[in-house]
$ cat target_19.txt   # compact mmCIF, C-alpha atoms
# COMPACT_ATOMS: atom_id res chain seq x y z
CA MET A 1147 -5.17 -9.60 11.47
CA GLN A 1148 -5.90 -12.69 9.39
CA ILE A 1149 -8.35 -13.40 6.61
CA ARG A 1150 -8.59 -17.09 5.80
CA GLY A 1151 -5.06 -17.69 7.01
CA ARG A 1152 -3.51 -14.73 5.19
CA LYS A 1153 -1.69 -12.68 7.81
CA ILE A 1154 -1.96 -8.91 7.39
CA GLY A 1155 0.21 -6.40 9.20
CA PRO A 1156 3.45 -4.41 9.10
CA GLU A 1157 5.63 -7.52 9.12
CA HIS A 1158 3.88 -9.06 6.12
CA PRO A 1159 3.84 -8.07 2.43
CA PRO A 1160 0.99 -5.68 1.60
CA LEU A 1161 -2.28 -7.38 0.77
CA VAL A 1162 -3.48 -6.15 -2.62
CA ILE A 1163 -7.24 -6.37 -3.10
CA ALA A 1164 -8.50 -6.33 -6.67
CA GLU A 1165 -11.94 -4.78 -6.56
CA ILE A 1166 -14.12 -6.11 -9.35
CA GLY A 1167 -16.94 -4.06 -7.86
CA ILE A 1168 -19.51 -3.33 -10.53
CA ASN A 1169 -17.06 -3.18 -13.43
CA HIS A 1170 -18.70 -6.24 -14.94
CA GLY A 1171 -21.85 -4.21 -15.62
CA GLY A 1172 -24.11 -7.01 -14.40
CA ASP A 1173 -22.61 -9.64 -16.72
CA LEU A 1174 -21.73 -12.78 -14.75
CA ASP A 1175 -19.51 -14.20 -17.48
CA LEU A 1176 -17.54 -10.97 -17.63
CA ALA A 1177 -17.26 -10.93 -13.84
CA ARG A 1178 -15.85 -14.46 -13.93
CA HIS A 1179 -13.40 -13.43 -16.65
CA MET A 1180 -12.19 -10.51 -14.55
CA VAL A 1181 -11.74 -12.78 -11.54
CA THR A 1182 -9.69 -15.22 -13.61
CA LEU A 1183 -7.45 -12.42 -14.88
CA ALA A 1184 -6.98 -11.12 -11.34
CA ALA A 1185 -5.87 -14.57 -10.22
CA ARG A 1186 -3.44 -14.90 -13.12
CA SER A 1187 -2.01 -11.48 -12.27
CA GLY A 1188 -1.11 -12.61 -8.76
CA ALA A 1189 -4.00 -11.26 -6.72
CA GLU A 1190 -4.81 -12.94 -3.43
CA VAL A 1191 -8.19 -11.28 -2.81
CA VAL A 1192 -10.98 -10.12 -5.08
CA LYS A 1193 -13.73 -7.90 -3.80
CA HIS A 1194 -17.24 -7.57 -5.12
CA GLN A 1195 -20.14 -5.26 -4.25
CA THR A 1196 -23.38 -6.84 -3.07
CA HIS A 1197 -26.38 -4.70 -3.97
CA PHE A 1198 -29.90 -5.75 -2.97
CA ILE A 1199 -31.45 -2.56 -4.24
CA GLU A 1200 -34.81 -2.60 -2.47
CA ASP A 1201 -33.16 -3.00 0.93
CA GLU A 1202 -30.40 -0.53 0.07
CA MET A 1203 -32.23 2.50 -1.34
CA THR A 1204 -35.51 4.37 -1.34
CA GLU A 1205 -37.41 5.78 -4.29
CA GLU A 1206 -35.59 9.09 -3.88
CA ALA A 1207 -32.46 7.40 -5.24
CA LYS A 1208 -34.08 7.34 -8.67
CA VAL A 1209 -33.45 11.07 -9.07
CA VAL A 1210 -29.96 11.22 -7.50
CA LEU A 1211 -27.30 11.51 -10.20
CA PRO A 1212 -23.74 10.54 -9.14
CA PRO A 1213 -21.04 12.65 -10.82
CA ASN A 1214 -19.35 9.61 -12.39
CA ALA A 1215 -22.49 7.84 -13.70
CA GLY A 1216 -22.96 9.53 -17.07
CA GLY A 1217 -26.32 11.08 -16.22
CA LYS A 1218 -27.87 7.93 -14.78
CA SER A 1219 -29.39 7.82 -11.33
CA ILE A 1220 -27.70 5.76 -8.62
CA TRP A 1221 -30.74 3.46 -8.71
CA GLU A 1222 -30.32 2.90 -12.46
CA VAL A 1223 -26.60 2.23 -12.12
CA MET A 1224 -27.07 -0.43 -9.49
CA GLU A 1225 -30.07 -1.92 -11.24
CA GLU A 1226 -27.93 -2.42 -14.34
CA CYS A 1227 -24.74 -3.54 -12.60
CA ALA A 1228 -25.82 -5.65 -9.63
CA LEU A 1229 -25.62 -9.41 -9.84
CA SER A 1230 -28.48 -11.47 -8.49
CA ALA A 1231 -27.97 -13.51 -5.33
CA ASP A 1232 -27.70 -16.71 -7.35
CA GLU A 1233 -25.16 -15.14 -9.69
CA GLU A 1234 -23.04 -13.94 -6.81
CA VAL A 1235 -23.00 -17.44 -5.33
CA LEU A 1236 -21.57 -18.64 -8.64
CA LEU A 1237 -19.03 -15.79 -8.76
CA LYS A 1238 -17.80 -16.56 -5.26
CA ALA A 1239 -17.43 -20.24 -6.13
CA HIS A 1240 -15.46 -19.32 -9.24
CA ALA A 1241 -13.14 -17.02 -7.31
CA GLU A 1242 -12.44 -19.68 -4.73
CA ALA A 1243 -11.85 -22.26 -7.46
CA GLU A 1244 -9.18 -19.87 -8.78
CA GLY A 1245 -7.53 -19.94 -5.36
CA LEU A 1246 -8.67 -16.45 -4.38
CA ILE A 1247 -10.17 -15.11 -1.17
CA TYR A 1248 -13.57 -13.65 -1.99
CA ILE A 1249 -15.00 -10.75 -0.01
CA SER A 1250 -17.68 -8.19 -0.78
CA THR A 1251 -19.14 -4.92 0.39
CA PRO A 1252 -22.70 -5.22 1.70
CA PHE A 1253 -24.72 -2.05 1.18
CA SER A 1254 -27.68 -3.23 3.25
CA ARG A 1255 -28.66 -5.55 6.07
CA ALA A 1256 -29.97 -8.09 3.59
CA ALA A 1257 -26.65 -8.04 1.73
CA ALA A 1258 -24.69 -8.52 4.96
CA ASP A 1259 -26.89 -11.44 5.97
CA PHE A 1260 -26.56 -13.01 2.53
CA LEU A 1261 -22.77 -12.74 2.55
CA ASP A 1262 -22.59 -14.19 6.03
CA GLU A 1263 -24.71 -17.13 4.92
CA GLN A 1264 -22.32 -17.67 2.01
CA GLY A 1265 -19.40 -17.91 4.41
CA VAL A 1266 -17.33 -14.92 3.38
CA PRO A 1267 -14.26 -14.75 5.68
CA ALA A 1268 -14.44 -10.96 6.13
CA PHE A 1269 -16.57 -7.95 5.31
CA LYS A 1270 -15.67 -4.76 3.49
CA VAL A 1271 -17.43 -1.56 4.54
CA GLY A 1272 -17.33 1.16 1.90
CA SER A 1273 -16.61 4.81 2.51
CA GLY A 1274 -20.26 5.72 2.02
CA GLU A 1275 -21.15 3.46 4.93
CA ALA A 1276 -18.23 4.45 7.17
CA ASP A 1277 -20.61 6.44 9.37
CA HIS A 1278 -23.63 4.16 8.85
CA LEU A 1279 -23.60 3.12 12.49
CA PRO A 1280 -26.52 0.67 12.42
CA LEU A 1281 -25.07 -1.17 9.41
CA ILE A 1282 -21.60 -1.26 10.96
CA ARG A 1283 -23.13 -2.61 14.15
CA HIS A 1284 -25.04 -5.24 12.13
CA VAL A 1285 -21.91 -6.30 10.26
CA ALA A 1286 -19.72 -6.33 13.39
CA ALA A 1287 -22.19 -8.67 15.07
CA LYS A 1288 -21.24 -11.32 12.49
CA ARG A 1289 -17.92 -11.62 14.37
CA LYS A 1290 -15.75 -11.54 11.28
CA PRO A 1291 -12.86 -9.19 10.38
CA VAL A 1292 -13.92 -5.88 8.85
CA ILE A 1293 -12.02 -3.74 6.35
CA MET A 1294 -13.49 -0.24 6.29
CA SER A 1295 -12.69 2.54 3.83
CA THR A 1296 -12.71 6.00 5.36
CA GLY A 1297 -13.28 8.34 2.43
CA MET A 1298 -15.27 11.53 3.14
CA GLN A 1299 -14.54 11.13 6.87
CA ASP A 1300 -12.14 12.71 9.33
CA ILE A 1301 -10.62 11.30 12.49
CA GLY A 1302 -13.39 12.68 14.68
CA SER A 1303 -16.25 11.32 12.60
CA LEU A 1304 -14.65 7.88 12.48
CA ALA A 1305 -14.39 7.52 16.23
CA ARG A 1306 -17.93 6.20 16.78
CA SER A 1307 -17.63 3.67 13.96
CA VAL A 1308 -14.29 2.43 15.25
CA ALA A 1309 -15.75 2.17 18.76
CA ILE A 1310 -18.39 -0.24 17.43
CA LEU A 1311 -15.71 -2.44 15.86
CA GLU A 1312 -13.62 -2.42 19.02
CA GLU A 1313 -16.59 -3.16 21.25
CA ALA A 1314 -17.36 -6.17 19.05
CA GLY A 1315 -13.83 -7.45 19.71
CA ILE A 1316 -13.12 -8.15 16.03
CA ASP A 1317 -10.03 -7.49 13.95
CA TYR A 1318 -10.43 -4.49 11.71
CA ALA A 1319 -8.59 -2.39 9.14
CA LEU A 1320 -9.08 1.25 8.17
CA LEU A 1321 -8.25 2.32 4.63
CA GLU A 1322 -7.40 5.92 3.78
CA CYS A 1323 -9.49 6.85 0.75
CA THR A 1324 -10.61 9.75 -1.42
CA ASN A 1325 -13.98 9.28 -3.06
CA LEU A 1326 -13.44 10.92 -6.41
CA TYR A 1327 -13.30 8.81 -9.55
CA PRO A 1328 -10.50 9.36 -10.40
CA SER A 1329 -8.79 11.22 -7.53
CA PRO A 1330 -6.24 13.86 -8.63
CA PRO A 1331 -3.15 14.23 -6.41
CA GLU A 1332 -4.39 17.46 -4.88
CA THR A 1333 -7.32 15.57 -3.33
CA VAL A 1334 -5.41 12.49 -2.12
CA SER A 1335 -4.26 12.41 1.51
CA LEU A 1336 -1.21 10.24 2.02
CA LYS A 1337 -0.92 11.99 5.36
CA GLY A 1338 -4.20 10.29 6.20
CA VAL A 1339 -2.35 6.97 6.42
CA THR A 1340 -0.13 8.24 9.22
CA GLU A 1341 -3.03 10.07 10.90
CA LEU A 1342 -5.09 6.87 10.99
CA ARG A 1343 -2.16 4.92 12.41
CA LYS A 1344 -1.70 7.49 15.16
CA ALA A 1345 -5.40 7.92 16.02
CA PHE A 1346 -6.35 4.22 15.96
CA PRO A 1347 -3.35 2.17 17.11
CA ASN A 1348 -5.38 -1.05 17.25
CA ALA A 1349 -6.25 -0.84 13.56
CA ILE A 1350 -4.47 -2.30 10.59
CA VAL A 1351 -4.15 0.67 8.24
CA GLY A 1352 -4.27 0.57 4.46
CA PHE A 1353 -5.06 2.60 1.36
CA SER A 1354 -8.05 2.38 -0.97
CA ASP A 1355 -6.89 4.08 -4.14
CA HIS A 1356 -8.97 5.88 -6.76
CA SER A 1357 -6.10 7.77 -8.35
CA MET A 1358 -4.61 7.21 -11.78
CA GLY A 1359 -1.57 4.97 -11.77
CA PRO A 1360 0.15 3.11 -8.91
CA GLU A 1361 2.17 5.98 -7.45
CA MET A 1362 -0.10 6.93 -4.55
CA ALA A 1363 -0.67 3.33 -3.48
CA LEU A 1364 3.05 2.57 -3.54
CA ALA A 1365 3.81 5.73 -1.57
CA SER A 1366 1.27 4.65 1.04
CA VAL A 1367 3.21 1.42 1.61
CA ALA A 1368 6.26 3.47 2.58
CA LEU A 1369 4.04 5.19 5.16
CA GLY A 1370 2.91 1.89 6.63
CA ALA A 1371 -0.13 0.84 4.58
CA CYS A 1372 -0.62 -2.91 4.96
CA ILE A 1373 -3.59 -3.26 2.57
CA LEU A 1374 -3.92 -1.79 -0.92
CA GLU A 1375 -7.29 -1.78 -2.66
CA ARG A 1376 -7.85 -0.67 -6.25
CA HIS A 1377 -10.62 -1.20 -8.75
CA PHE A 1378 -9.81 -3.84 -11.34
CA THR A 1379 -10.97 -4.47 -14.89
CA ASP A 1380 -9.96 -6.67 -17.78
CA SER A 1381 -9.63 -3.56 -19.96
CA ARG A 1382 -10.00 0.16 -19.43
CA TYR A 1383 -11.58 0.38 -22.87
CA ARG A 1384 -14.95 -0.14 -21.25
CA GLU A 1385 -17.69 2.10 -19.98
CA GLY A 1386 -18.59 2.26 -16.32
CA PRO A 1387 -18.44 4.64 -13.36
CA ASP A 1388 -15.29 3.07 -11.90
CA ILE A 1389 -13.38 2.15 -15.06
CA SER A 1390 -11.34 5.36 -15.25
CA CYS A 1391 -9.55 4.62 -11.97
CA SER A 1392 -9.33 0.85 -12.43
CA MET A 1393 -6.13 -1.10 -13.03
CA ASP A 1394 -5.83 -3.71 -15.76
CA PRO A 1395 -4.04 -7.07 -15.34
CA ALA A 1396 -0.57 -5.70 -16.15
CA GLU A 1397 -1.02 -2.85 -13.70
CA LEU A 1398 -2.22 -5.24 -11.00
CA ARG A 1399 0.89 -7.39 -11.44
CA HIS A 1400 3.03 -4.24 -11.31
CA LEU A 1401 1.35 -3.02 -8.13
CA ILE A 1402 1.76 -6.36 -6.37
CA ASP A 1403 5.45 -6.69 -7.30
CA CYS A 1404 6.39 -3.10 -6.54
CA SER A 1405 4.48 -2.94 -3.26
CA ARG A 1406 6.41 -5.96 -2.05
CA GLU A 1407 9.68 -4.35 -3.08
CA VAL A 1408 8.77 -1.19 -1.17
CA HIS A 1409 7.78 -3.29 1.85
CA VAL A 1410 11.15 -5.07 1.86
CA ALA A 1411 13.05 -1.78 1.61
CA LEU A 1412 10.88 -0.23 4.33
CA HIS A 1413 12.24 -2.69 6.88
CA ASN A 1414 15.94 -2.31 6.05
CA GLU A 1415 17.87 -0.41 8.73
CA LYS A 1416 20.09 2.57 7.90
CA ARG A 1417 23.50 0.92 7.74
CA ARG A 1418 26.07 -0.27 5.24
CA SER A 1419 24.83 -3.57 3.90
CA ALA A 1420 27.05 -6.57 3.20
CA PRO A 1421 26.67 -6.25 -0.61
CA GLU A 1422 27.86 -2.63 -0.33
CA GLU A 1423 31.22 -3.59 1.17
CA ALA A 1424 32.87 -4.20 -2.21
CA VAL A 1425 31.66 -0.80 -3.41
CA TYR A 1426 32.76 0.88 -0.20
CA ARG A 1427 36.31 -0.40 -0.59
CA PHE A 1428 36.79 1.57 -3.82
CA ALA A 1429 34.25 4.36 -3.39
CA ARG A 1430 35.56 5.65 -0.07
CA THR A 1431 38.85 7.56 0.26
CA SER A 1432 42.19 7.18 2.06
CA VAL A 1433 44.29 9.95 3.59
CA VAL A 1434 47.29 10.79 1.38
CA ALA A 1435 50.10 13.33 1.32
CA ASP A 1436 49.15 16.26 -0.88
CA CYS A 1437 52.83 17.19 -1.42
CA ASP A 1438 56.27 15.79 -0.71
CA LEU A 1439 56.87 15.99 3.05
CA PRO A 1440 60.13 15.44 4.97
CA LYS A 1441 60.70 13.21 7.98
CA GLY A 1442 59.88 15.03 11.21
CA HIS A 1443 57.38 17.38 9.56
CA VAL A 1444 54.36 18.27 11.68
CA ILE A 1445 51.36 17.76 9.41
CA GLU A 1446 49.08 20.69 8.73
CA GLU A 1447 45.68 20.47 7.06
CA ALA A 1448 47.10 21.81 3.79
CA ASP A 1449 49.67 18.98 3.68
CA ILE A 1450 47.19 16.16 3.23
CA TRP A 1451 44.01 15.25 1.33
CA ALA A 1452 41.74 12.23 0.92
CA ARG A 1453 41.57 10.40 -2.40
CA ARG A 1454 40.26 7.15 -3.79
CA PRO A 1455 40.61 4.22 -3.43
CA GLY A 1456 39.77 3.36 0.15
CA SER A 1457 42.44 0.68 0.35
CA GLY A 1458 44.69 2.79 2.54
CA GLU A 1459 45.16 2.25 6.24
CA ILE A 1460 43.81 5.66 7.23
CA ALA A 1461 40.27 6.29 5.96
CA GLY A 1462 39.13 9.67 4.72
CA HIS A 1463 36.83 10.13 7.69
CA GLU A 1464 39.93 10.00 9.94
CA PHE A 1465 41.43 13.03 8.17
CA ASP A 1466 41.25 15.30 11.26
CA ASP A 1467 43.07 12.71 13.38
CA VAL A 1468 46.18 13.05 11.20
CA VAL A 1469 46.49 16.83 11.47
CA GLY A 1470 49.13 17.82 14.05
CA LYS A 1471 50.97 14.48 13.94
CA ARG A 1472 54.74 14.33 13.22
CA LEU A 1473 56.03 12.18 10.35
CA THR A 1474 58.38 9.32 11.21
CA ARG A 1475 59.58 9.14 7.61
CA ALA A 1476 59.60 11.20 4.45
CA VAL A 1477 56.58 10.72 2.17
CA THR A 1478 55.88 11.68 -1.41
CA ARG A 1479 52.80 13.32 -2.89
CA ASN A 1480 49.75 11.01 -3.20
CA SER A 1481 51.30 8.25 -1.08
CA GLN A 1482 48.75 6.66 1.25
CA LEU A 1483 49.65 7.35 4.86
CA LYS A 1484 49.86 4.68 7.55
CA TRP A 1485 49.53 5.06 11.29
CA ALA A 1486 53.15 3.91 11.60
CA ASP A 1487 54.18 7.00 9.61
CA LEU A 1488 52.96 9.19 12.48
CA GLU A 1489 54.38 9.66 15.93
$ encode --input "target_19.txt" --output "structure tokens"
Amino acid sequence: MQIRGRKIGPEHPPLVIAEIGINHGGDLDLARHMVTLAARSGAEVVKHQTHFIEDEMTEEAKVVLPPNAGGKSIWEVMEECALSADEEVLLKAHAEAEGLIYISTPFSRAAADFLDEQGVPAFKVGSGEADHLPLIRHVAAKRKPVIMSTGMQDIGSLARSVAILEEAGIDYALLECTNLYPSPPETVSLKGVTELRKAFPNAIVGFSDHSMGPEMALASVALGACILERHFTDSRYREGPDISCSMDPAELRHLIDCSREVHVALHNEKRRSAPEEAVYRFARTSVVADCDLPKGHVIEEADIWARRPGSGEIAGHEFDDVVGKRLTRAVTRNSQLKWADLE
């Protein structure tokens, strides 16, 4: 999978997406500031949310109160936090001027059409839309890569959505996700990463994280997650529905660096590495006489032991090969044995 030339997959470092989302609270200048900080922290991709409210919601949304919105309706939250189309054009231009890839989540047909017109290189589908089949079909028809979060879904309920993406013949990624803000460990499914990989072998699999701290995201890399997405803010000393589970610039830098370290270690085979050789030479053991033994003595297990250093000719793991052999010379306690000492 590629997004604007950035290759994404098991052989490449995890792609960390800094989700600005609605953390700017509808303030374009603040949104730009957050984008700049994300770029300075090493992010490659920033993600926004594109809300055209009238095409996204009905009047009933004015009385629906999300649990993380402080008593405000979902309509009120988006009305306060959404950028206008013109403002989003400016935000995208700013992100690209900072050298970032800009993508966004469309929550309606109008939003998807707008983003396509602006030339976004990929689409993000949020967990709430992961079973919105007509919207997924509309987005897939744009013929661009799709990254889809899978919170609140199971493998069975995802099958129809994935079928649409596969029928469209586009590259796609599925992100394991828990839609609680924040998500305590008892609600997070790291197992979901492996289940998605098994159920949808054509998908790039990643992890959209709403937990506190980087631990769950880093653990997901060890399970094969190729994309990490977390909310991002300039400071957690702000108000907003997603701030509690957002990372600040220092945490973003930490996540990028550590995820790459985990990725490197993930691909190292189980074997003694070249840098370990010097350690192995002193840390291993050599077979030695555990008491003075005369020439011609047939060695019993009680006559020998293995002790550091490993500079002797007979390594500790060859201990059993020495038992039963006859000595060709007398040896003293703690002397390292050689094969020439044995008939």
$ atom_distance --input "target_19.txt" --atom1 "CA of Ala1228 (chain A)" --atom2 "CA of Ser1254 (chain A)"
13.2 Å
$ closest_atom_pairs --input "target_19.txt" --of "region 1301-1336 of chain A" --to "region 1367-1387 of chain A" --cutoff "9 Å" --atoms "all atoms listed in the file" --output "tab-separated table"
residue	atom	partner	partner_atom	distance
A:Ala1319	CA	A:Ile1373	CA	8.3
A:Leu1321	CA	A:Ile1373	CA	7.6
A:Glu1322	CA	A:Ala1371	CA	8.9
A:Tyr1327	CA	A:Pro1387	CA	7.6
A:Leu1336	CA	A:Leu1369	CA	7.9
$ residues_around --input "target_19.txt" --residues "Tyr1248 (chain A)" --least-positions-apart "6" --cutoff "9 Å" --atoms "only C-alpha atoms" --output "PyMOL selection string"
chain A and resi 1190-1194+1237-1239+1241-1242+1266-1268
$ residues_around --input "target_19.txt" --residues "region 1167-1171 of chain A" --least-positions-apart "2" --cutoff "6 Å" --atoms "all atoms listed in the file" --output "list in words"
Glu1165, Asp1173, Leu1176, Ala1177, His1194, Gln1195 and Cys1227 of chain A
$ residues_around --input "target_19.txt" --residues "region 1467-1473 of chain A" --least-positions-apart "5" --cutoff "6 Å" --atoms "only C-alpha atoms" --output "list in words"
Lys1441, Gly1442, His1443, Val1444, Ile1445, Glu1446, Glu1447, Asp1487, Leu1488 and Glu1489 of chain A
$ axis_aligned_box --input "target_19.txt" --around "region 1446-1460 of chain A" --padding-each-side "5 Å" --output "JSON"
{"center_x": 44.7, "center_y": 11.2, "center_z": 2.5, "size_x": 19.9, "size_y": 31.1, "size_z": 22.5}
$ build_atoms --input "target_19.txt" --residues "region 1169-1191 of chain A" --atoms "N, CA and C atoms" --output "PDB file, in the coordinates of the input"
ATOM      1  N   ASN A1169     -17.663  -3.364 -12.111  1.00  0.00           N
ATOM      2  CA  ASN A1169     -17.060  -3.180 -13.430  1.00  0.00           C
ATOM      3  C   ASN A1169     -17.554  -4.175 -14.466  1.00  0.00           C
ATOM      4  N   HIS A1170     -18.166  -5.243 -14.014  1.00  0.00           N
ATOM      5  CA  HIS A1170     -18.700  -6.240 -14.940  1.00  0.00           C
ATOM      6  C   HIS A1170     -20.020  -5.803 -15.570  1.00  0.00           C
ATOM      7  N   GLY A1171     -20.607  -4.730 -15.040  1.00  0.00           N
ATOM      8  CA  GLY A1171     -21.850  -4.210 -15.620  1.00  0.00           C
ATOM      9  C   GLY A1171     -23.028  -5.144 -15.524  1.00  0.00           C
ATOM     10  N   GLY A1172     -22.993  -6.073 -14.560  1.00  0.00           N
ATOM     11  CA  GLY A1172     -24.110  -7.010 -14.400  1.00  0.00           C
ATOM     12  C   GLY A1172     -23.978  -8.278 -15.210  1.00  0.00           C
ATOM     13  N   ASP A1173     -22.845  -8.469 -15.868  1.00  0.00           N
ATOM     14  CA  ASP A1173     -22.610  -9.640 -16.720  1.00  0.00           C
ATOM     15  C   ASP A1173     -21.797 -10.663 -15.934  1.00  0.00           C
ATOM     16  N   LEU A1174     -22.409 -11.777 -15.560  1.00  0.00           N
ATOM     17  CA  LEU A1174     -21.730 -12.780 -14.750  1.00  0.00           C
ATOM     18  C   LEU A1174     -20.520 -13.358 -15.458  1.00  0.00           C
ATOM     19  N   ASP A1175     -20.646 -13.627 -16.746  1.00  0.00           N
ATOM     20  CA  ASP A1175     -19.510 -14.200 -17.480  1.00  0.00           C
ATOM     21  C   ASP A1175     -18.332 -13.233 -17.493  1.00  0.00           C
ATOM     22  N   LEU A1176     -18.610 -11.959 -17.659  1.00  0.00           N
ATOM     23  CA  LEU A1176     -17.540 -10.970 -17.630  1.00  0.00           C
ATOM     24  C   LEU A1176     -16.935 -10.878 -16.231  1.00  0.00           C
ATOM     25  N   ALA A1177     -17.768 -10.958 -15.214  1.00  0.00           N
ATOM     26  CA  ALA A1177     -17.260 -10.930 -13.840  1.00  0.00           C
ATOM     27  C   ALA A1177     -16.327 -12.110 -13.595  1.00  0.00           C
ATOM     28  N   ARG A1178     -16.715 -13.288 -14.071  1.00  0.00           N
ATOM     29  CA  ARG A1178     -15.850 -14.460 -13.930  1.00  0.00           C
ATOM     30  C   ARG A1178     -14.526 -14.252 -14.662  1.00  0.00           C
ATOM     31  N   HIS A1179     -14.613 -13.681 -15.854  1.00  0.00           N
ATOM     32  CA  HIS A1179     -13.400 -13.430 -16.650  1.00  0.00           C
ATOM     33  C   HIS A1179     -12.466 -12.483 -15.896  1.00  0.00           C
ATOM     34  N   MET A1180     -13.012 -11.451 -15.306  1.00  0.00           N
ATOM     35  CA  MET A1180     -12.190 -10.510 -14.550  1.00  0.00           C
ATOM     36  C   MET A1180     -11.543 -11.196 -13.350  1.00  0.00           C
ATOM     37  N   VAL A1181     -12.281 -12.048 -12.679  1.00  0.00           N
ATOM     38  CA  VAL A1181     -11.740 -12.780 -11.540  1.00  0.00           C
ATOM     39  C   VAL A1181     -10.578 -13.675 -11.982  1.00  0.00           C
ATOM     40  N   THR A1182     -10.751 -14.354 -13.100  1.00  0.00           N
ATOM     41  CA  THR A1182      -9.690 -15.220 -13.610  1.00  0.00           C
ATOM     42  C   THR A1182      -8.438 -14.419 -13.926  1.00  0.00           C
ATOM     43  N   LEU A1183      -8.602 -13.257 -14.551  1.00  0.00           N
ATOM     44  CA  LEU A1183      -7.450 -12.420 -14.880  1.00  0.00           C
ATOM     45  C   LEU A1183      -6.769 -11.894 -13.615  1.00  0.00           C
ATOM     46  N   ALA A1184      -7.559 -11.577 -12.607  1.00  0.00           N
ATOM     47  CA  ALA A1184      -6.980 -11.120 -11.340  1.00  0.00           C
ATOM     48  C   ALA A1184      -6.127 -12.215 -10.719  1.00  0.00           C
ATOM     49  N   ALA A1185      -6.627 -13.445 -10.760  1.00  0.00           N
ATOM     50  CA  ALA A1185      -5.870 -14.570 -10.220  1.00  0.00           C
ATOM     51  C   ALA A1185      -4.581 -14.779 -10.979  1.00  0.00           C
ATOM     52  N   ARG A1186      -4.637 -14.707 -12.296  1.00  0.00           N
ATOM     53  CA  ARG A1186      -3.440 -14.900 -13.120  1.00  0.00           C
ATOM     54  C   ARG A1186      -2.431 -13.777 -12.931  1.00  0.00           C
ATOM     55  N   SER A1187      -2.910 -12.625 -12.488  1.00  0.00           N
ATOM     56  CA  SER A1187      -2.010 -11.480 -12.270  1.00  0.00           C
ATOM     57  C   SER A1187      -1.397 -11.485 -10.881  1.00  0.00           C
ATOM     58  N   GLY A1188      -1.743 -12.472 -10.067  1.00  0.00           N
ATOM     59  CA  GLY A1188      -1.110 -12.610  -8.760  1.00  0.00           C
ATOM     60  C   GLY A1188      -1.928 -12.115  -7.591  1.00  0.00           C
ATOM     61  N   ALA A1189      -3.178 -11.738  -7.822  1.00  0.00           N
ATOM     62  CA  ALA A1189      -4.000 -11.260  -6.720  1.00  0.00           C
ATOM     63  C   ALA A1189      -4.267 -12.381  -5.711  1.00  0.00           C
ATOM     64  N   GLU A1190      -4.432 -11.991  -4.463  1.00  0.00           N
ATOM     65  CA  GLU A1190      -4.810 -12.940  -3.430  1.00  0.00           C
ATOM     66  C   GLU A1190      -6.281 -12.789  -3.057  1.00  0.00           C
ATOM     67  N   VAL A1191      -6.812 -11.581  -3.215  1.00  0.00           N
ATOM     68  CA  VAL A1191      -8.190 -11.280  -2.810  1.00  0.00           C
ATOM     69  C   VAL A1191      -8.892 -10.535  -3.934  1.00  0.00           C
TER      70      VAL A1191
END
